Structures are given as structure tokens and as C-alpha cells.
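The structure file data16.tsv is reproduced below (TSV, C-alpha atoms).
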```tsv
chain	number	residue	atom	x	y	z
A	1	MET	CA	-76.39	58.65	-51.02
A	2	THR	CA	-76.58	58.52	-47.24
A	3	TRP	CA	-73.17	60.12	-46.90
A	4	ARG	CA	-73.87	62.80	-49.50
A	5	LEU	CA	-77.19	63.71	-47.91
A	6	LEU	CA	-75.48	63.78	-44.54
A	7	ALA	CA	-72.88	66.15	-45.97
A	8	GLY	CA	-75.69	68.31	-47.33
A	9	GLY	CA	-77.33	68.37	-43.92
A	10	ILE	CA	-74.05	69.37	-42.31
A	11	ALA	CA	-73.67	72.20	-44.82
A	12	ILE	CA	-77.15	73.50	-43.98
A	13	VAL	CA	-76.47	73.31	-40.23
A	14	THR	CA	-73.15	75.11	-40.75
A	15	ALA	CA	-74.81	77.93	-42.68
A	16	LEU	CA	-77.49	78.27	-40.02
A	17	LEU	CA	-74.88	78.24	-37.27
A	18	ILE	CA	-72.88	80.99	-38.96
A	19	SER	CA	-76.01	83.07	-39.59
A	20	VAL	CA	-77.32	82.79	-36.03
A	21	ALA	CA	-74.06	82.90	-34.07
A	22	LEU	CA	-71.96	85.23	-36.24
A	23	GLY	CA	-74.57	87.09	-38.30
A	24	LEU	CA	-76.02	87.06	-41.81
A	25	ALA	CA	-73.26	89.41	-42.99
A	26	THR	CA	-70.64	86.79	-42.10
A	27	GLN	CA	-72.65	84.08	-43.86
A	28	GLY	CA	-72.94	86.34	-46.90
A	29	VAL	CA	-69.19	86.90	-47.05
A	30	VAL	CA	-68.45	83.18	-46.60
A	31	ALA	CA	-71.01	82.12	-49.20
A	32	THR	CA	-69.90	84.72	-51.76
A	33	SER	CA	-66.22	83.87	-51.23
A	34	ASN	CA	-66.95	80.14	-51.59
A	35	SER	CA	-68.98	80.77	-54.75
A	36	PHE	CA	-66.17	82.84	-56.23
A	37	LEU	CA	-63.67	80.15	-55.21
A	38	ALA	CA	-65.77	77.47	-56.91
A	39	GLY	CA	-66.07	79.68	-59.98
A	40	LEU	CA	-62.29	80.08	-60.22
A	41	SER	CA	-61.96	76.32	-59.83
A	42	VAL	CA	-64.31	75.74	-62.76
A	43	LEU	CA	-62.60	78.44	-64.84
A	44	THR	CA	-59.24	76.69	-64.33
A	45	GLY	CA	-60.49	73.23	-65.26
A	46	SER	CA	-61.60	71.99	-61.80
A	47	GLY	CA	-58.32	70.15	-61.33
A	48	PHE	CA	-58.89	68.08	-64.51
A	49	ALA	CA	-61.45	66.07	-62.52
A	50	HIS	CA	-63.57	65.17	-65.58
A	51	ALA	CA	-60.60	63.91	-67.56
A	52	ALA	CA	-59.26	62.03	-64.55
A	53	SER	CA	-62.59	60.31	-64.04
A	54	PHE	CA	-62.76	59.35	-67.72
A	55	VAL	CA	-59.22	57.93	-67.71
A	56	ALA	CA	-59.55	56.16	-64.35
A	57	SER	CA	-62.69	54.31	-65.46
A	58	ARG	CA	-60.89	52.90	-68.50
A	59	ARG	CA	-57.23	52.60	-67.40
A	60	PRO	CA	-57.28	52.01	-63.64
A	61	GLU	CA	-53.89	50.27	-63.65
A	62	SER	CA	-52.00	53.54	-64.33
A	63	VAL	CA	-54.22	56.03	-62.53
A	64	GLY	CA	-51.59	56.84	-59.89
A	65	ARG	CA	-49.11	58.14	-62.48
A	66	THR	CA	-51.83	60.11	-64.24
A	67	ALA	CA	-52.87	61.62	-60.90
A	68	GLU	CA	-49.35	62.89	-60.21
A	69	ARG	CA	-49.11	64.70	-63.54
A	70	SER	CA	-52.60	66.13	-63.27
A	71	ALA	CA	-52.08	67.26	-59.68
A	72	LEU	CA	-48.86	69.12	-60.36
A	73	LEU	CA	-50.36	71.06	-63.25
A	74	ALA	CA	-53.71	71.70	-61.55
A	75	ILE	CA	-52.16	72.97	-58.31
A	76	VAL	CA	-49.72	75.29	-60.10
A	77	ILE	CA	-52.49	76.73	-62.27
A	78	GLY	CA	-54.69	77.14	-59.20
A	79	ALA	CA	-51.98	78.98	-57.27
A	80	LEU	CA	-51.21	81.37	-60.13
A	81	THR	CA	-54.91	82.03	-60.75
A	82	GLY	CA	-55.52	82.69	-57.07
A	83	VAL	CA	-52.75	85.27	-56.85
A	84	LEU	CA	-53.98	86.96	-60.03
A	85	ALA	CA	-57.56	87.08	-58.73
A	86	ALA	CA	-56.49	88.46	-55.34
A	87	THR	CA	-54.47	91.17	-57.05
A	88	VAL	CA	-56.97	92.23	-59.70
A	89	GLY	CA	-60.32	91.30	-58.10
A	90	PRO	CA	-60.59	94.07	-55.49
A	91	ARG	CA	-59.90	96.67	-58.17
A	92	ILE	CA	-62.46	95.59	-60.74
A	93	LEU	CA	-65.10	94.26	-58.31
A	94	PRO	CA	-64.78	96.52	-55.27
A	95	THR	CA	-68.39	96.07	-54.08
A	96	LEU	CA	-68.26	92.27	-54.02
A	97	PRO	CA	-67.81	90.96	-50.44
A	98	VAL	CA	-65.10	88.41	-51.24
A	99	LEU	CA	-62.10	87.47	-49.09
A	100	TRP	CA	-59.72	87.59	-52.04
A	101	TRP	CA	-56.44	86.39	-50.51
A	102	GLN	CA	-58.18	83.66	-48.54
A	103	VAL	CA	-59.66	82.45	-51.82
A	104	ALA	CA	-56.17	82.52	-53.36
A	105	ILE	CA	-54.79	80.32	-50.57
A	106	ALA	CA	-57.66	77.84	-50.73
A	107	LEU	CA	-57.84	77.49	-54.54
A	108	PRO	CA	-54.87	75.09	-55.08
A	109	PHE	CA	-56.26	72.81	-52.36
A	110	ALA	CA	-59.72	73.00	-53.94
A	111	GLN	CA	-58.22	71.88	-57.25
A	112	ALA	CA	-56.51	68.97	-55.53
A	113	GLY	CA	-59.80	68.00	-53.91
A	114	GLN	CA	-61.69	68.10	-57.21
A	115	LEU	CA	-59.04	65.97	-58.89
A	116	GLY	CA	-59.28	63.45	-56.05
A	117	LEU	CA	-63.05	63.24	-56.40
A	118	GLY	CA	-62.73	62.64	-60.14
A	119	LEU	CA	-60.19	59.86	-59.67
A	120	GLN	CA	-62.27	58.10	-57.02
A	121	GLN	CA	-65.39	58.38	-59.16
A	122	GLY	CA	-63.64	56.87	-62.16
A	123	LEU	CA	-62.31	54.01	-60.04
A	124	GLY	CA	-65.73	53.41	-58.51
A	125	SER	CA	-64.26	53.74	-55.00
A	126	SER	CA	-67.08	54.66	-52.65
A	127	ARG	CA	-64.91	54.78	-49.53
A	128	GLY	CA	-62.28	57.06	-51.07
A	129	TYR	CA	-64.90	59.32	-52.63
A	130	VAL	CA	-66.81	59.70	-49.36
A	131	ALA	CA	-63.66	60.51	-47.38
A	132	ILE	CA	-62.72	63.36	-49.72
A	133	TYR	CA	-66.28	64.57	-50.16
A	134	VAL	CA	-67.27	64.70	-46.48
A	135	ALA	CA	-64.00	66.31	-45.37
A	136	GLN	CA	-65.02	69.75	-46.64
A	137	PRO	CA	-68.42	70.13	-44.88
A	138	LEU	CA	-67.11	68.51	-41.67
A	139	ALA	CA	-64.16	70.89	-41.52
A	140	ALA	CA	-66.48	73.83	-42.24
A	141	PHE	CA	-68.81	72.81	-39.41
A	142	ALA	CA	-65.94	72.31	-36.96
A	143	THR	CA	-64.49	75.73	-37.79
A	144	ALA	CA	-67.89	77.44	-37.57
A	145	ALA	CA	-68.64	75.73	-34.24
A	146	MET	CA	-65.33	76.92	-32.82
A	147	ALA	CA	-66.08	80.44	-34.01
A	148	ALA	CA	-69.55	80.33	-32.45
A	149	LEU	CA	-68.07	79.39	-29.07
A	150	VAL	CA	-65.60	82.28	-28.90
A	151	SER	CA	-67.28	85.02	-30.93
A	152	ASN	CA	-70.54	86.99	-30.87
A	153	ARG	CA	-73.08	87.93	-33.55
A	154	THR	CA	-72.40	91.30	-35.16
A	155	GLU	CA	-73.73	93.37	-38.03
A	156	GLN	CA	-70.28	93.26	-39.64
A	157	PRO	CA	-68.51	90.16	-41.00
A	158	SER	CA	-66.59	88.25	-38.34
A	159	GLU	CA	-62.82	87.78	-38.47
A	160	TRP	CA	-63.55	84.02	-38.36
A	161	ALA	CA	-64.86	84.20	-41.92
A	162	SER	CA	-61.30	83.79	-43.23
A	163	LEU	CA	-60.76	80.45	-41.53
A	164	ILE	CA	-64.26	79.23	-42.42
A	165	VAL	CA	-63.41	79.80	-46.09
A	166	MET	CA	-59.88	78.33	-46.10
A	167	VAL	CA	-59.79	75.41	-43.66
A	168	PRO	CA	-62.43	73.16	-45.32
A	169	PHE	CA	-60.73	73.20	-48.73
A	170	ILE	CA	-57.28	72.71	-47.23
A	171	ALA	CA	-58.57	69.64	-45.37
A	172	GLN	CA	-60.20	68.25	-48.51
A	173	GLY	CA	-57.08	68.79	-50.61
A	174	VAL	CA	-54.78	67.13	-48.10
A	175	ILE	CA	-57.01	64.04	-47.80
A	176	SER	CA	-57.15	63.84	-51.60
A	177	MET	CA	-53.36	63.94	-51.83
A	178	ILE	CA	-53.05	61.09	-49.32
A	179	GLY	CA	-55.36	59.02	-51.54
A	180	TRP	CA	-53.05	59.39	-54.55
A	181	THR	CA	-50.22	57.56	-52.78
A	182	ARG	CA	-52.35	54.38	-52.64
A	183	MET	CA	-53.34	54.28	-56.31
A	184	PRO	CA	-51.83	51.74	-58.78
A	185	ARG	CA	-48.92	52.82	-60.98
A	186	ARG	CA	-48.42	49.78	-63.22
A	187	GLY	CA	-48.79	51.45	-66.60
A	188	ALA	CA	-47.63	54.64	-68.29
A	189	ALA	CA	-49.31	57.89	-67.32
A	190	GLU	CA	-51.82	59.46	-69.67
A	191	PRO	CA	-50.10	62.31	-71.58
A	192	VAL	CA	-50.76	65.74	-70.12
A	193	GLY	CA	-51.80	66.98	-73.56
A	194	ALA	CA	-54.60	64.40	-73.71
A	195	LEU	CA	-55.88	65.41	-70.27
A	196	ILE	CA	-55.87	69.07	-71.26
A	197	SER	CA	-57.59	68.25	-74.54
A	198	TYR	CA	-60.48	66.44	-72.82
A	199	THR	CA	-60.78	69.15	-70.19
A	200	ALA	CA	-60.81	71.84	-72.88
A	201	ARG	CA	-63.67	70.12	-74.69
A	202	ILE	CA	-65.79	69.86	-71.56
A	203	TYR	CA	-64.68	73.29	-70.33
A	204	PRO	CA	-67.27	75.50	-72.09
A	205	SER	CA	-70.09	73.32	-70.79
A	206	ALA	CA	-68.76	73.33	-67.22
A	207	VAL	CA	-68.29	77.11	-67.19
A	208	ALA	CA	-71.75	77.77	-68.62
A	209	HIS	CA	-73.34	75.42	-66.08
A	210	TYR	CA	-71.57	77.04	-63.14
A	211	LEU	CA	-72.37	80.60	-64.20
A	212	SER	CA	-76.04	79.76	-64.60
A	213	TYR	CA	-76.07	78.03	-61.20
A	214	ARG	CA	-74.16	80.56	-59.08
A	215	LEU	CA	-74.34	83.91	-60.86
A	216	ASP	CA	-77.56	84.60	-58.96
A	217	LEU	CA	-75.77	84.65	-55.59
A	218	ILE	CA	-72.96	86.81	-56.93
A	219	LEU	CA	-75.47	89.32	-58.38
A	220	VAL	CA	-77.52	89.34	-55.17
A	221	SER	CA	-74.34	89.96	-53.20
A	222	ALA	CA	-73.14	92.76	-55.48
A	223	LEU	CA	-76.53	94.49	-55.82
A	224	LEU	CA	-78.15	93.89	-52.42
A	225	GLY	CA	-75.21	93.45	-50.03
A	226	ALA	CA	-73.72	90.79	-47.77
A	227	THR	CA	-76.76	90.43	-45.50
A	228	ALA	CA	-79.13	89.70	-48.41
A	229	ALA	CA	-76.53	87.33	-49.85
A	230	GLY	CA	-76.38	85.54	-46.51
A	231	LEU	CA	-80.14	84.97	-46.47
A	232	TYR	CA	-80.20	83.89	-50.12
A	233	SER	CA	-77.26	81.56	-49.59
A	234	LEU	CA	-79.21	79.75	-46.85
A	235	ALA	CA	-81.86	78.88	-49.45
A	236	LEU	CA	-79.18	77.81	-51.91
A	237	ASN	CA	-77.72	75.51	-49.26
A	238	GLY	CA	-81.08	73.76	-49.28
A	239	VAL	CA	-80.86	73.37	-53.06
A	240	ASP	CA	-77.29	72.07	-52.78
A	241	ALA	CA	-78.42	69.49	-50.22
A	242	VAL	CA	-81.29	68.35	-52.45
A	243	ALA	CA	-79.02	68.28	-55.51
A	244	ARG	CA	-76.87	65.65	-53.82
A	245	VAL	CA	-79.52	63.08	-54.70
A	246	GLY	CA	-78.72	63.55	-58.39
A	247	GLN	CA	-74.99	63.89	-57.75
A	248	THR	CA	-75.00	60.58	-55.91
A	249	ALA	CA	-76.88	58.79	-58.66
A	250	ALA	CA	-74.51	60.24	-61.28
A	251	THR	CA	-71.42	59.22	-59.30
A	252	VAL	CA	-72.61	55.67	-58.73
A	253	LEU	CA	-73.80	55.17	-62.31
A	254	PHE	CA	-70.76	56.66	-64.09
A	255	ARG	CA	-69.04	53.32	-64.68
A	256	ARG	CA	-72.34	51.73	-65.75
A	257	PHE	CA	-72.85	54.53	-68.25
A	258	SER	CA	-69.39	54.05	-69.73
A	259	GLU	CA	-69.66	50.25	-69.97
A	260	ALA	CA	-73.27	49.68	-71.04
A	261	ALA	CA	-74.56	49.52	-74.60
A	262	VAL	CA	-75.89	52.83	-75.91
A	263	SER	CA	-79.59	51.97	-75.74
A	264	GLN	CA	-79.32	50.34	-72.32
A	265	GLY	CA	-77.27	53.22	-70.92
A	266	ALA	CA	-79.71	55.79	-72.26
A	267	ARG	CA	-82.66	54.02	-70.65
A	268	LEU	CA	-80.77	53.80	-67.38
A	269	ALA	CA	-79.90	57.51	-67.56
A	270	ARG	CA	-83.50	58.55	-68.22
A	271	ARG	CA	-84.81	56.36	-65.41
A	272	GLY	CA	-82.13	57.59	-63.03
A	273	ALA	CA	-82.83	61.21	-63.91
A	274	SER	CA	-86.58	60.81	-63.41
A	275	ALA	CA	-86.12	59.11	-60.04
A	276	ALA	CA	-83.51	61.60	-58.81
A	277	GLY	CA	-85.53	64.59	-60.00
A	278	GLY	CA	-88.75	63.32	-58.45
A	279	LEU	CA	-87.15	62.58	-55.09
A	280	SER	CA	-85.36	65.94	-55.09
A	281	LEU	CA	-88.61	67.78	-55.78
A	282	LEU	CA	-90.33	66.07	-52.84
A	283	VAL	CA	-87.43	66.82	-50.50
A	284	GLY	CA	-87.20	70.43	-51.69
A	285	VAL	CA	-90.90	71.09	-51.16
A	286	ALA	CA	-90.72	69.42	-47.74
A	287	LEU	CA	-87.84	71.71	-46.72
A	288	GLY	CA	-89.76	74.77	-47.83
A	289	VAL	CA	-92.90	73.72	-45.98
A	290	ILE	CA	-91.00	72.91	-42.77
A	291	VAL	CA	-89.26	76.31	-42.72
A	292	SER	CA	-92.52	78.11	-43.59
A	293	LEU	CA	-94.16	76.62	-40.50
A	294	PHE	CA	-91.79	78.79	-38.43
A	295	ALA	CA	-92.58	81.98	-40.38
A	296	ALA	CA	-93.99	83.62	-37.24
A	297	ARG	CA	-90.45	83.80	-35.84
A	298	GLY	CA	-89.60	86.68	-38.15
A	299	GLY	CA	-89.53	88.08	-41.65
A	300	GLU	CA	-86.20	86.47	-42.49
A	301	VAL	CA	-87.58	82.99	-41.74
A	302	ARG	CA	-90.67	83.69	-43.84
A	303	VAL	CA	-88.56	84.84	-46.81
A	304	LEU	CA	-86.32	81.78	-46.45
A	305	GLY	CA	-89.33	79.45	-46.59
A	306	GLN	CA	-90.64	81.17	-49.71
A	307	LEU	CA	-87.24	80.97	-51.39
A	308	LEU	CA	-86.96	77.25	-50.65
A	309	LEU	CA	-90.38	76.62	-52.20
A	310	LEU	CA	-89.45	78.63	-55.30
A	311	LEU	CA	-86.15	76.76	-55.60
A	312	ALA	CA	-87.70	73.28	-55.23
A	313	VAL	CA	-88.08	73.01	-59.01
A	314	GLY	CA	-84.46	74.10	-59.42
A	315	GLY	CA	-83.30	71.36	-57.04
A	316	ALA	CA	-85.23	68.76	-59.00
A	317	GLY	CA	-83.91	70.13	-62.29
A	318	ILE	CA	-80.26	70.07	-61.29
A	319	SER	CA	-80.56	66.53	-59.90
A	320	ALA	CA	-82.06	65.24	-63.13
A	321	TRP	CA	-79.68	67.20	-65.35
A	322	THR	CA	-76.63	66.01	-63.38
A	323	VAL	CA	-77.51	62.38	-64.11
A	324	LEU	CA	-78.17	63.08	-67.78
A	325	ALA	CA	-75.02	65.20	-68.20
A	326	THR	CA	-72.91	62.49	-66.57
A	327	TYR	CA	-74.22	59.94	-69.06
A	328	LEU	CA	-73.35	62.26	-71.95
A	329	ALA	CA	-69.84	62.90	-70.53
A	330	ALA	CA	-69.23	59.18	-69.93
A	331	ASN	CA	-70.04	58.55	-73.59
A	332	ASN	CA	-68.00	61.49	-74.94
A	333	GLN	CA	-71.06	63.46	-76.01
A	334	LEU	CA	-69.62	66.72	-74.74
A	335	ALA	CA	-71.14	68.85	-77.49
A	336	ALA	CA	-74.64	67.77	-76.44
A	337	ALA	CA	-73.97	68.72	-72.81
A	338	ALA	CA	-72.54	72.06	-73.96
A	339	ARG	CA	-75.66	72.87	-75.99
A	340	VAL	CA	-77.87	72.33	-72.97
A	341	ASN	CA	-75.63	74.30	-70.63
A	342	PHE	CA	-75.39	77.30	-72.95
A	343	LEU	CA	-79.16	77.45	-73.30
A	344	LEU	CA	-79.35	77.15	-69.52
A	345	LEU	CA	-76.88	80.03	-69.15
A	346	VAL	CA	-78.69	82.34	-71.57
A	347	THR	CA	-82.06	81.67	-69.96
A	348	SER	CA	-80.83	82.04	-66.38
A	349	VAL	CA	-78.76	85.17	-66.94
A	350	ALA	CA	-81.61	86.89	-68.78
A	351	LEU	CA	-83.93	86.19	-65.86
A	352	TYR	CA	-81.34	87.17	-63.24
A	353	VAL	CA	-80.56	90.51	-64.86
A	354	SER	CA	-84.21	91.40	-65.38
A	355	LEU	CA	-85.71	90.07	-62.13
A	356	ILE	CA	-83.14	90.56	-59.34
A	357	PRO	CA	-83.12	94.39	-59.61
A	358	MET	CA	-86.96	94.34	-59.61
A	359	ILE	CA	-87.91	91.80	-56.95
A	360	GLY	CA	-84.61	91.08	-55.21
A	361	VAL	CA	-83.79	87.59	-53.98
A	362	TYR	CA	-87.04	86.16	-55.37
A	363	GLY	CA	-85.81	87.01	-58.88
A	364	GLY	CA	-82.73	84.88	-58.36
A	365	ALA	CA	-84.82	81.93	-57.17
A	366	ILE	CA	-87.20	82.16	-60.14
A	367	GLY	CA	-84.33	82.40	-62.64
A	368	THR	CA	-82.55	79.41	-61.13
A	369	SER	CA	-85.62	77.18	-61.12
A	370	VAL	CA	-86.71	78.06	-64.66
A	371	GLY	CA	-83.21	77.59	-66.06
A	372	LEU	CA	-82.50	74.26	-64.34
A	373	GLY	CA	-85.95	72.92	-65.16
A	374	LEU	CA	-85.32	73.74	-68.83
A	375	ALA	CA	-81.90	72.03	-68.65
A	376	ALA	CA	-83.49	68.81	-67.38
A	377	VAL	CA	-86.01	68.77	-70.25
A	378	LEU	CA	-83.37	69.48	-72.90
A	379	GLY	CA	-80.97	66.95	-71.36
A	380	TYR	CA	-83.63	64.24	-71.47
A	381	ARG	CA	-84.08	65.01	-75.16
A	382	GLU	CA	-80.33	64.85	-75.89
A	383	VAL	CA	-79.96	61.49	-74.14
A	384	SER	CA	-82.94	60.08	-76.03
A	385	ARG	CA	-81.44	61.24	-79.31
A	386	PHE	CA	-78.04	59.68	-78.56
A	387	GLY	CA	-79.72	56.50	-77.29
A	388	GLY	CA	-81.00	55.84	-80.78
A	389	SER	CA	-77.51	56.00	-82.31
A	390	LYS	CA	-74.94	53.23	-82.73
A	391	ARG	CA	-71.59	53.28	-80.95
A	392	VAL	CA	-68.57	52.43	-83.06
A	393	ALA	CA	-65.81	50.46	-81.37
A	394	GLY	CA	-62.53	52.36	-81.27
A	395	ALA	CA	-58.87	52.11	-80.40
A	396	GLY	CA	-57.40	52.82	-76.99
A	397	ALA	CA	-54.68	55.04	-78.51
A	398	THR	CA	-57.21	57.83	-78.91
A	399	LEU	CA	-58.87	57.29	-75.55
A	400	LEU	CA	-59.58	60.91	-74.70
A	401	ARG	CA	-59.87	62.44	-78.13
A	402	LYS	CA	-61.97	59.77	-79.86
A	403	PRO	CA	-62.78	57.13	-77.25
A	404	PHE	CA	-65.15	55.21	-79.51
A	405	GLY	CA	-63.19	55.55	-82.76
A	406	LYS	CA	-65.46	58.24	-84.19
```

Output the file's structure in the form of C-alpha cells.
Amino acid sequence: MTWRLLAGGIAIVTALLISVALGLATQGVVATSNSFLAGLSVLTGSGFAHAASFVASRRPESVGRTAERSALLAIVIGALTGVLAATVGPRILPTLPVLWWQVAIALPFAQAGQLGLGLQQGLGSSRGYVAIYVAQPLAAFATAAMAALVSNRTEQPSEWASLIVMVPFIAQGVISMIGWTRMPRRGAAEPVGALISYTARIYPSAVAHYLSYRLDLILVSALLGATAAGLYSLALNGVDAVARVGQTAATVLFRRFSEAAVSQGARLARRGASAAGGLSLLVGVALGVIVSLFAARGGEVRVLGQLLLLLAVGGAGISAWTVLATYLAANNQLAAAARVNFLLLVTSVALYVSLIPMIGVYGGAIGTSVGLGLAAVLGYREVSRFGGSKRVAGAGATLLRKPFGK
């Protein structure tokens, strides 16, 4: 948790550094490009990270061979998708401030990084996970700091935006690849078809969750411009930092969720979600209050403080829901997670479309908090329902399709 919160703090400092030294327009372009990059990663299976985590937690002896197969397929798909997006994107979304070819270059490395995170999570390797996870924000900060030293603030996006988008994901992907060479290869690799099958079943849920969580920034960017997107992205960086509380709890507890009895695991998930959500709410409110104390420094600071306060509920909601969704994924309850995420998507999009054109960035913050708060409540209900069921022991031959013999 310390390392993840540190990474969140570095991300906030990086966004502030870009905004102050290079301008809000540059921050808007970087944030929108990164959001679009993350969206393409989710749309192409996030490097099979979920399936890799599931397999690694149950068959650690052969994880190295599985990683090689997954990596080859994920990187090729990422490269082809990036080229397609860079070719078609500017034509169908001309008003979106996205660095299309930079996104195309970074996407294969992003997929490699996601796969590496999934493998380390499944193995329960804190050191490996931290190394891959922290590489991206550290590289982003280093690149932004270099840009701040040699460039000035302008009203137009800086030429350094390209490197700020690409370098962090390249660094993360390379470190992830180095980690694969040290993983055990004693057994046969999991068939590619099984990995794709598991990823396909979790895919609708992952896409719905991402769209509900980042469509607000994309709409703000498209409707209000890069400068407004830059300001809004600063508030979202605060939410991302707070959400790392839940992400940490989910990462640490994944193996416990997969190994514990149903009732015990469900109780642990509910307790973990409540603790993570409560702590995230306190931290989110504290961030908003601290920034609001400096409101006299200008209208942009005042708006940022208000956005952070509005998004505090969203930070708590995503922390709690991340823990609950991880429990459901670890126990192959992907349909339950999908139900919650689709309701989250419908609610969030309806609020985004109706509120952002009316009240601007505040509409995005309201839609995000309401949607994620609802997801936490529904997720708690799904876990409680599954906690009352009985797990049936199953055969290893159907590990990914029917891991408990159902």
C-alpha cells in the first residue's frame, strides 16, 4: 500500500508539474491520450492480465511458459490495434486532443506491462509487482521534470507531450519483460484458447467499467477542449491516487480470495471493501479540503478543490468495488461483476451526457461519484449473495472455463 500510494502521489505531482510548467493544454493532451491508450488496452484484453493472474495463482510452476504465449499474442494485437487507431482515429474523432501515433507506439508496451502486473499478482510477488507498477509514474515524472527544465509554459500543447505519453509505458513494458525471464517453466503452458476464453468472459465487464470510469474525461476533452480536460484530469489524478487503497487491498487479497472457503472469503471481501472505501473517502475529502484552502490563488484552484470534494465519493466507491470485483473474479463469478459494471455504465453515461453539456466539469464529477457509489452497493450485494452459496470442487482440466467444476 505504501508503494501504491507513493506512486499515486508521484502521479499527482507529475500532473501538477506539467500543468504549471508546460500549461493546462499540455496536461489535457497527455491525460486524454493516456485515457485513450488505457481504453484501447482494455478493449484489446489488457494483455490477458486477468487470465494470467487466475492461472498464476493456481499453476505457478508453469507460469513462465504461459507468460511467453500470452505476451506474444498480446503485443501483436496491441501493435495492430495501435496502427488501426492512429489511422482511423483522427478521421472519426478530429476534435479529440489525442496524440494518435504516440498512443500506437506505447500500446504494445502497455499490454506487456498489464500482463506483467497480472502475473505478479497471481504469484503473490510484492517485489515484482511494485517494480512494474512504480516504473510508469516514475518514468512519467522524470520525463515531465526534464521537460520543465528546458521548456516554458504556453497556451498550446508542448512538443514534450509525445515523450510524456510514450516513455512511461515503454519503461513499464520493458521491466515486465525482464520479469518473465525469471519465472518458473516446469510444466506445460496454459493453452492460448483457454486464456482467450477467460479474457473474453471478463471482457464485457472490464470494458463497461472502464467506459464508466473514463468516458467523463474524454467527453470533457471533446466538448470543452484541452485546457478544461487538463483541469479535470488533475482532479481525476486525485481519485486515482485514492483508488490505490482499494487496488492494493484487492492485489494483496487475491490469493486469499481464491483459496478461502466461500463464506470466509465473502466476509473478508466485505470487510476489506468497507475498510478500503472508508479510508479512501477520508483521504479524498482531505485532499479536497487542502486544495480548497488555497482557493484564493485563483479560479482554477477553487474549481479543482470543488471537483475533488465532489469526487471523494467516487474514490471511495471505486476502492470498495475493486475489492469486491476482485473477489468475484477470483471465484469465477464473472457474470456478477458484469451485471454491476453494466449498471454502472448505464448510470454514469446517462449522467455524463445530460450534465456535462449543462454544468461542464462538475457534471462529470457528479456522474462519476454517483455511478461508482452505486457499483459499490451493488457489488456488496453480489458478494453477499455468492457468500451464501456452496462451492463445488472441480477438476484442473477445466481450470479457466469451469474452475470449480460447475

Legend entry - Selected residue of minimal separation from Gly284 (chain A) among A:Thr227, A:Ser369, A:Gln172, A:Ser70, counting all atoms listed in the file: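 Comparing A:Thr227, A:Ser369, A:Gln172, A:Ser70 against Gly284 (chain A), the winner is A:Ser369.
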
Legend entry - Closest of A:Ala56, A:Val83, A:Val289, A:Leu219 to Ser354 (chain A) - atom-to-atom distances counting all atoms listed in the file: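 Of the candidates, the smallest distance to Ser354 (chain A) is held by A:Leu219.
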
Enumerate, in order of chain and increasing residue number, the residues of region 209-292 of chain A with an atom no farther than 10 Å from region 86-100 of chain A, each with its shortest atom pair and distance in Å to one decimal, counting all atoms listed in the file, as a Markdown table.
```
| residue | atom | partner | partner_atom | distance |
| --- | --- | --- | --- | --- |
| A:Ile218 | CA | A:Leu96 | CA | 7.8 |
| A:Leu219 | CA | A:Leu96 | CA | 8.9 |
| A:Val220 | CA | A:Leu96 | CA | 9.8 |
| A:Ser221 | CA | A:Leu96 | CA | 6.6 |
| A:Ala222 | CA | A:Leu96 | CA | 5.1 |
| A:Leu223 | CA | A:Thr95 | CA | 8.5 |
| A:Gly225 | CA | A:Pro97 | CA | 7.8 |
| A:Ala226 | CA | A:Pro97 | CA | 6.5 |
| A:Ala229 | CA | A:Pro97 | CA | 9.5 |
```

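Remark: for Ser263 (chain A), the closest of the candidate residues A:Leu40, A:Val383, A:Ala11, A:Ser212 is A:Val383 (distances computed over all atoms listed in the file).
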
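Nearest residue to Leu309 (chain A) among A:Val167, A:Ile196, A:Ala365, A:Leu268 is A:Ala365, counting only C-alpha atoms.
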
Legend entry - Residues within 12 Å of Phe386 (chain A), all atoms listed in the file, excluding chain neighbours under 3 positions, as an MDAnalysis selection string: chainID A and resid 261:267 269:270 324 327:329 331:337 379:383 389:391

Inset, instruction - To one decimal in Å, tell me the separation between CA of Ala144 (chain A) and CA of Ala161 (chain A). - result: 8.6 Å

Legend entry - Sphere at (-64.8, 67.4, -48.3), radius 12 Å, counting all atoms listed in the file: residues as a VMD selection string: chain A and resid 3 to 4 6 to 8 10 to 11 109 to 114 116 to 117 128 to 141 167 to 176

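Counting from CA of Arg69 (chain A), the distance to CA of Pro191 (chain A) is 8.4 Å.
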
Distance cut-off 10 Å, centre (-86.7, 84.2, -60.2) in file coordinates, counting only C-alpha atoms: which residues qualify? Return them as a compact mmCIF listing (two decimals) with C-alpha atoms, in the coordinates of the input.
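What landed in part_1.txt:
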```txt
# COMPACT_ATOMS: atom_id res chain seq x y z
CA ASP A 216 -77.56 84.60 -58.96
CA LEU A 307 -87.24 80.97 -51.39
CA LEU A 310 -89.45 78.63 -55.30
CA LEU A 311 -86.15 76.76 -55.60
CA SER A 348 -80.83 82.04 -66.38
CA LEU A 351 -83.93 86.19 -65.86
CA TYR A 352 -81.34 87.17 -63.24
CA VAL A 353 -80.56 90.51 -64.86
CA SER A 354 -84.21 91.40 -65.38
CA LEU A 355 -85.71 90.07 -62.13
CA ILE A 356 -83.14 90.56 -59.34
CA ILE A 359 -87.91 91.80 -56.95
CA GLY A 360 -84.61 91.08 -55.21
CA VAL A 361 -83.79 87.59 -53.98
CA TYR A 362 -87.04 86.16 -55.37
CA GLY A 363 -85.81 87.01 -58.88
CA GLY A 364 -82.73 84.88 -58.36
CA ALA A 365 -84.82 81.93 -57.17
CA ILE A 366 -87.20 82.16 -60.14
CA GLY A 367 -84.33 82.40 -62.64
CA THR A 368 -82.55 79.41 -61.13
CA SER A 369 -85.62 77.18 -61.12
CA VAL A 370 -86.71 78.06 -64.66
CA GLY A 371 -83.21 77.59 -66.06
```

Legend entry - CA of Gly272 (chain A) to CA of Ala249 (chain A), distance in Å rounded to a single decimal: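 According to the coordinates, CA of Gly272 (chain A) and CA of Ala249 (chain A) are separated by 6.9 Å.
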